[in-house]
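Student: Here's a structure for you.
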Amino acid sequence: MAKRATAPAVIQAACDRCRCETRHKVLHTNKQTGADKNGAWRIVDQMIRCAGCHTVSLRRTEYFSEFTGPDGRPEPMVKYFPAPTPRHRPSWVDELPDELEGLMGEIYEARRGPSVRLIAMGVRAVIDFLMRAEIGDEGGFEEKLKRLLDKGLISEKQHETLATVVDAGSAAGHRAFKPSVALIDGMLDAIESLLQQHYIVGPMVATLKLSIPPRPPQPPRSKK
Ligand SMILES: [Zn+2]
């Protein structure tokens, strides 16, 4: 008699793309067990697929006899591969010039892990790209930032913010500065706002201006 195929198990698991816990089909499970002088362990690897967006990922659940909760029950550690990103890449990044899109993509990938110094240097490279594209490559960072300000491409406030962000990127590269994750996110906020304004909102407003029909002439007001 033919064996009846069993339906794959369904579990609740985190989906990086849906950005929440969703139902996942378990496509494959691999279990390993062992013991050493410190205790017994069990690792369960599951290849899972999100029922919403169909993204496939790997969930690892680790049990160790020494990892127990207050009630003495084992408390598993759950990890996902790829690791969920704490900062999502905005969709408008796809519309940036190719070199810039690539650079930003690498920054968001790095943000999944602890490479804060690399991200700070990447952010500085993004600002350098924008300056080269707008005003050429002559002079140092300070000089180029001043020229961006003089050309009206950034505001006084943005100039001050970018000067600090550039200095943080330089310090990470040359002065052993290790920014905190909160500072890194602040630096990312600053360049996201700059890039979105420069490459997305600015051109969109220019197109909008051209497409607005002119106001009809007003009839002259009658004199009382
Ligand atoms: Zn999903």
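Following the order of the structure tokens, first chain is A, next is B, and so on, with residues numbered from 1 inside each chain and ligands from 1 in the order they appear.
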Give me, as a tab-separated table, each residue of chain A that comes within 7 Å of ligand 1, together with its shortest interatomic pair and the distance in Å at one decimal, counting only C-alpha atoms and all ligand atoms, with rows ordered by chain and rising residue number.
Tutor:
```
residue	atom	partner	partner_atom_place_in_ligand_line	distance
A:Cys15	CA	ligand 1	1 (Zn)	4.7
A:Asp16	CA	ligand 1	1 (Zn)	6.6
A:Arg17	CA	ligand 1	1 (Zn)	5.0
A:Cys18	CA	ligand 1	1 (Zn)	4.1
A:Thr22	CA	ligand 1	1 (Zn)	6.5
A:Cys50	CA	ligand 1	1 (Zn)	4.7
A:Ala51	CA	ligand 1	1 (Zn)	6.6
A:Gly52	CA	ligand 1	1 (Zn)	4.9
A:Cys53	CA	ligand 1	1 (Zn)	4.1
A:His54	CA	ligand 1	1 (Zn)	6.1
A:Thr55	CA	ligand 1	1 (Zn)	5.8
```
Student: Where does DSSP see strand (DSSP E or B) in region 34-178 of chain A, if you list the residues as JSON, numbers by chain?
Tutor: {"A": [34, 35, 36, 39, 40, 41, 42, 43, 44, 45, 46, 47, 48, 49, 50, 56, 57, 58, 59, 60, 61, 62, 63, 64, 68, 74, 77, 78, 79, 80, 81]}
Student: If you run DSSP over the backbone, which residues in region 10-212 of chain A end up alpha helix (DSSP H)? Put them as JSON, numbers by chain.
Tutor: {"A": [98, 99, 100, 101, 102, 103, 104, 105, 106, 107, 108, 109, 110, 116, 117, 118, 119, 120, 121, 122, 123, 124, 125, 126, 127, 128, 129, 130, 131, 132, 133, 134, 135, 141, 142, 143, 144, 145, 146, 147, 148, 149, 150, 156, 157, 158, 159, 160, 161, 162, 163, 164, 165, 166, 167, 168, 169, 170, 171, 172, 173, 174, 181, 182, 183, 184, 185, 186, 187, 188, 189, 190, 191, 192, 193, 194, 195, 202, 203, 204, 205, 206, 207, 208, 209, 210, 211]}
Student: Please provide as a list in words all residues within 12 Å of Pro97 (chain A), with the sequence filter that same-chain residues fewer than 2 positions apart are discarded (counting only C-alpha atoms).
Tutor: Trp92, Val93, Asp94, Glu95, Glu99, Leu100, Glu101, Gly102, Leu103, Met104, Val126, Phe129, Leu130, Ala133, Leu195, His198, Tyr199 and Ile200 of chain A
Student: How about saving the chosen residues, all heavy atoms kept, as a compact mmCIF listing (two decimals), in the first residue's frame?
Tutor:
```txt
# COMPACT_ATOMS: atom_id res chain seq x y z
N TRP A 92 12.86 53.34 -2.16
CA TRP A 92 13.38 54.35 -3.09
C TRP A 92 14.88 54.18 -3.36
O TRP A 92 15.41 54.76 -4.32
CB TRP A 92 13.07 55.77 -2.61
CG TRP A 92 13.48 56.12 -1.22
CD1 TRP A 92 12.67 56.16 -0.13
CD2 TRP A 92 14.79 56.46 -0.74
NE1 TRP A 92 13.40 56.51 0.99
CE2 TRP A 92 14.69 56.69 0.64
CE3 TRP A 92 16.04 56.60 -1.36
CZ2 TRP A 92 15.79 57.05 1.42
CZ3 TRP A 92 17.13 56.95 -0.58
CH2 TRP A 92 17.00 57.17 0.77
N VAL A 93 15.58 53.38 -2.56
CA VAL A 93 17.01 53.16 -2.79
C VAL A 93 17.23 52.54 -4.19
O VAL A 93 18.23 52.80 -4.85
CB VAL A 93 17.61 52.27 -1.67
CG1 VAL A 93 19.01 51.80 -2.00
CG2 VAL A 93 17.64 53.06 -0.36
N ASP A 94 16.24 51.76 -4.68
CA ASP A 94 16.34 51.15 -6.01
C ASP A 94 16.43 52.21 -7.11
O ASP A 94 16.86 51.92 -8.22
CB ASP A 94 15.09 50.30 -6.32
CG ASP A 94 14.97 49.12 -5.36
OD1 ASP A 94 15.94 48.86 -4.64
OD2 ASP A 94 13.89 48.50 -5.33
N GLU A 95 15.97 53.41 -6.83
CA GLU A 95 15.95 54.45 -7.88
C GLU A 95 17.20 55.33 -7.87
O GLU A 95 17.32 56.26 -8.67
CB GLU A 95 14.70 55.34 -7.69
CG GLU A 95 13.42 54.56 -7.94
CD GLU A 95 12.20 55.31 -7.47
OE1 GLU A 95 12.11 56.50 -7.75
OE2 GLU A 95 11.36 54.67 -6.80
N GLU A 99 25.90 53.22 -8.69
CA GLU A 99 27.01 53.14 -7.73
C GLU A 99 26.51 53.39 -6.30
O GLU A 99 26.90 52.72 -5.35
CB GLU A 99 28.10 54.14 -8.11
CG GLU A 99 29.38 53.93 -7.31
CD GLU A 99 30.43 55.01 -7.56
OE1 GLU A 99 30.42 55.61 -8.65
OE2 GLU A 99 31.24 55.26 -6.65
N LEU A 100 25.62 54.36 -6.22
CA LEU A 100 25.08 54.74 -4.91
C LEU A 100 24.15 53.65 -4.37
O LEU A 100 24.18 53.32 -3.18
CB LEU A 100 24.31 56.05 -5.07
CG LEU A 100 24.16 56.95 -3.87
CD1 LEU A 100 25.45 57.13 -3.12
CD2 LEU A 100 23.60 58.30 -4.30
N GLU A 101 23.36 53.06 -5.26
CA GLU A 101 22.45 51.98 -4.86
C GLU A 101 23.27 50.80 -4.32
O GLU A 101 22.94 50.22 -3.28
CB GLU A 101 21.60 51.52 -6.05
CG GLU A 101 20.58 50.50 -5.66
CD GLU A 101 19.99 49.74 -6.84
OE1 GLU A 101 20.19 50.17 -7.99
OE2 GLU A 101 19.36 48.70 -6.59
N GLY A 102 24.38 50.49 -5.01
CA GLY A 102 25.25 49.40 -4.56
C GLY A 102 25.84 49.67 -3.20
O GLY A 102 25.85 48.81 -2.32
N LEU A 103 26.30 50.91 -3.01
CA LEU A 103 26.92 51.30 -1.75
C LEU A 103 25.89 51.23 -0.60
O LEU A 103 26.17 50.69 0.47
CB LEU A 103 27.45 52.73 -1.91
CG LEU A 103 28.45 53.28 -0.91
CD1 LEU A 103 29.59 52.32 -0.66
CD2 LEU A 103 28.99 54.62 -1.44
N MET A 104 24.70 51.76 -0.84
CA MET A 104 23.66 51.72 0.19
C MET A 104 23.26 50.28 0.49
O MET A 104 23.02 49.92 1.64
CB MET A 104 22.43 52.53 -0.26
CG MET A 104 22.64 54.03 -0.28
SD MET A 104 23.02 54.72 1.36
CE MET A 104 21.40 54.70 2.13
N VAL A 126 29.23 57.60 0.96
CA VAL A 126 27.98 58.03 0.30
C VAL A 126 27.97 59.55 0.13
O VAL A 126 27.65 60.08 -0.94
CB VAL A 126 26.74 57.57 1.13
CG1 VAL A 126 25.48 58.28 0.67
CG2 VAL A 126 26.56 56.07 1.02
N PHE A 129 30.30 60.55 -2.56
CA PHE A 129 29.74 60.31 -3.89
C PHE A 129 28.85 61.49 -4.32
O PHE A 129 28.96 62.01 -5.43
CB PHE A 129 28.91 59.02 -3.90
CG PHE A 129 28.23 58.77 -5.23
CD1 PHE A 129 28.84 57.98 -6.20
CD2 PHE A 129 27.00 59.34 -5.53
CE1 PHE A 129 28.24 57.78 -7.43
CE2 PHE A 129 26.39 59.15 -6.76
CZ PHE A 129 27.01 58.37 -7.71
N LEU A 130 27.99 61.91 -3.39
CA LEU A 130 27.05 62.99 -3.71
C LEU A 130 27.83 64.28 -4.03
O LEU A 130 27.50 65.00 -4.98
CB LEU A 130 26.11 63.22 -2.52
CG LEU A 130 25.08 64.32 -2.74
CD1 LEU A 130 23.98 63.83 -3.66
CD2 LEU A 130 24.48 64.78 -1.42
N ALA A 133 29.48 64.03 -7.44
CA ALA A 133 28.48 64.13 -8.52
C ALA A 133 28.02 65.57 -8.71
O ALA A 133 27.73 66.01 -9.82
CB ALA A 133 27.29 63.24 -8.18
N LEU A 195 19.63 61.86 0.69
CA LEU A 195 19.50 61.20 -0.62
C LEU A 195 18.07 61.25 -1.12
O LEU A 195 17.82 61.48 -2.31
CB LEU A 195 19.96 59.73 -0.52
CG LEU A 195 21.42 59.49 -0.18
CD1 LEU A 195 21.72 58.00 -0.12
CD2 LEU A 195 22.35 60.15 -1.20
N HIS A 198 17.37 64.73 -2.36
CA HIS A 198 18.14 65.10 -3.54
C HIS A 198 17.74 64.31 -4.80
O HIS A 198 17.59 64.87 -5.87
CB HIS A 198 19.63 64.89 -3.26
CG HIS A 198 20.50 65.47 -4.31
ND1 HIS A 198 20.75 66.82 -4.38
CD2 HIS A 198 21.14 64.91 -5.36
CE1 HIS A 198 21.52 67.06 -5.43
NE2 HIS A 198 21.78 65.92 -6.03
N TYR A 199 17.58 62.99 -4.64
CA TYR A 199 17.37 62.15 -5.83
C TYR A 199 15.91 61.80 -6.09
O TYR A 199 15.57 61.37 -7.17
CB TYR A 199 18.17 60.84 -5.71
CG TYR A 199 19.66 61.05 -5.87
CD1 TYR A 199 20.51 61.07 -4.77
CD2 TYR A 199 20.23 61.23 -7.13
CE1 TYR A 199 21.87 61.27 -4.92
CE2 TYR A 199 21.58 61.43 -7.30
CZ TYR A 199 22.40 61.46 -6.19
OH TYR A 199 23.75 61.66 -6.34
N ILE A 200 15.06 61.89 -5.08
CA ILE A 200 13.68 61.41 -5.27
C ILE A 200 12.69 62.58 -5.19
O ILE A 200 11.96 62.86 -6.15
CB ILE A 200 13.31 60.32 -4.21
CG1 ILE A 200 14.43 59.27 -4.09
CG2 ILE A 200 11.95 59.72 -4.51
CD1 ILE A 200 14.66 58.38 -5.27
```
Student: If we count only C-alpha atoms, what is near region 25-28 of chain A at a cut-off of 9 Å, once residues fewer than 6 positions away on the same chain are taken out, given as an mmCIF file with N, CA and C atoms, in the first residue's frame?
Tutor:
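Final file, out_23.cif:
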```cif
data_model
loop_
_atom_site.group_PDB
_atom_site.id
_atom_site.type_symbol
_atom_site.label_atom_id
_atom_site.label_comp_id
_atom_site.auth_asym_id
_atom_site.auth_seq_id
_atom_site.Cartn_x
_atom_site.Cartn_y
_atom_site.Cartn_z
ATOM 1 N N PRO A 8 3.325 19.023 5.416
ATOM 2 C CA PRO A 8 4.395 19.611 6.224
ATOM 3 C C PRO A 8 3.820 20.381 7.413
ATOM 4 N N ALA A 9 4.554 20.362 8.524
ATOM 5 C CA ALA A 9 4.087 21.052 9.736
ATOM 6 C C ALA A 9 4.053 22.556 9.487
ATOM 7 N N VAL A 10 3.195 23.230 10.206
ATOM 8 C CA VAL A 10 3.100 24.695 10.109
ATOM 9 C C VAL A 10 3.445 25.280 11.475
ATOM 10 N N ILE A 11 4.344 26.260 11.475
ATOM 11 C CA ILE A 11 4.732 26.890 12.735
ATOM 12 C C ILE A 11 4.635 28.410 12.606
ATOM 13 N N GLN A 12 4.581 29.097 13.720
ATOM 14 C CA GLN A 12 4.671 30.565 13.727
ATOM 15 C C GLN A 12 6.159 30.920 13.802
ATOM 16 N N ASP A 45 17.348 22.219 13.230
ATOM 17 C CA ASP A 45 17.376 23.150 12.092
ATOM 18 C C ASP A 45 16.158 22.890 11.218
ATOM 19 N N GLN A 46 15.437 23.963 10.899
ATOM 20 C CA GLN A 46 14.240 23.810 10.066
ATOM 21 C C GLN A 46 14.316 24.764 8.880
ATOM 22 N N MET A 47 14.169 24.197 7.688
ATOM 23 C CA MET A 47 14.036 25.074 6.511
ATOM 24 C C MET A 47 12.557 25.417 6.411
ATOM 25 N N ILE A 48 12.239 26.718 6.465
ATOM 26 C CA ILE A 48 10.833 27.126 6.554
ATOM 27 C C ILE A 48 10.479 28.126 5.438
ATOM 28 N N ARG A 49 9.186 28.120 5.052
ATOM 29 C CA ARG A 49 8.729 29.055 4.001
ATOM 30 C C ARG A 49 7.520 29.831 4.509
ATOM 31 N N CYS A 50 7.620 31.171 4.418
ATOM 32 C CA CYS A 50 6.530 32.041 4.884
ATOM 33 C C CYS A 50 5.281 31.815 4.021
ATOM 34 N N ALA A 51 4.134 31.635 4.690
ATOM 35 C CA ALA A 51 2.886 31.413 3.952
ATOM 36 C C ALA A 51 2.415 32.701 3.275
#
```
Student: To one decimal place, how far is CA of Pro214 (chain A) from CA of Leu153 (chain A) in Å?
Tutor: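 Rounded to one decimal, the two atoms are 27.5 Å apart.
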Student: Which is closer to Pro90 (chain A) than all the others in A:Ser57, A:Gln158, A:Ser193, A:Pro219, using only C-alpha atoms?
Tutor: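 Distance minimum relative to Pro90 (chain A) lands on A:Ser193.
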Student: Tell me which of A:Val56, A:Arg132, A:Arg111, A:Gly105 sits closest to Lys144 (chain A), counting only C-alpha atoms.
Tutor: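 Among the listed residues, the smallest separation from Lys144 (chain A) belongs to A:Arg132.
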Student: So that I can check the surroundings of region 32-41 of chain A, please list as a list in words every protein, DNA and RNA residue that reaches within 6 Å of it, counting only C-alpha atoms and ignoring chain neighbours fewer than 4 positions away.
Tutor: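 Contacts, in chain order: Tyr63, Phe64 and Ser65 of chain A.
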Student: The selected residues should be written to file as a short mmCIF file (atom, residue, chain, number, x, y, z; two decimals), in the first residue's frame (atoms: C-alpha atoms).
Tutor:
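New file part.cif:
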```
data_model
loop_
_atom_site.label_atom_id
_atom_site.label_comp_id
_atom_site.auth_asym_id
_atom_site.auth_seq_id
_atom_site.Cartn_x
_atom_site.Cartn_y
_atom_site.Cartn_z
CA TYR A 63 18.36 23.42 23.57
CA PHE A 64 20.99 22.98 26.24
CA SER A 65 20.40 21.21 29.54
#
```
Student: What does the structure give for the distance between CA of Lys146 (chain A) and CA of Ala163 (chain A), in Å to one decimal?
Tutor: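 Between CA of Lys146 (chain A) and CA of Ala163 (chain A) the gap is 9.4 Å.
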Student: Looking at A:Ile127, A:Ile212, A:Leu58, A:Leu188, which one is nearest to Val44 (chain A), with distances taken over only C-alpha atoms?
Tutor: A:Leu58
Student: Work out how far CA of Ile43 (chain A) is from CA of Asn30 (chain A), in Å to one decimal.
Tutor: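 For CA of Asn30 (chain A) relative to CA of Ile43 (chain A), the distance reads 8.2 Å.
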Student: Using only C-alpha atoms, which protein or nucleic acid residues come within 8 Å of Phe141 (chain A)? Drop anything in the same chain fewer than 4 positions from it, and give the result as a PyMOL selection string.
Tutor: chain A and resi 128+145+166
Student: Out of A:His88, A:Lys151, A:Arg175, A:Lys79, which residue has the shortest atom-to-atom distance to Glu134 (chain A) when counting only C-alpha atoms?
Tutor: A:Lys151
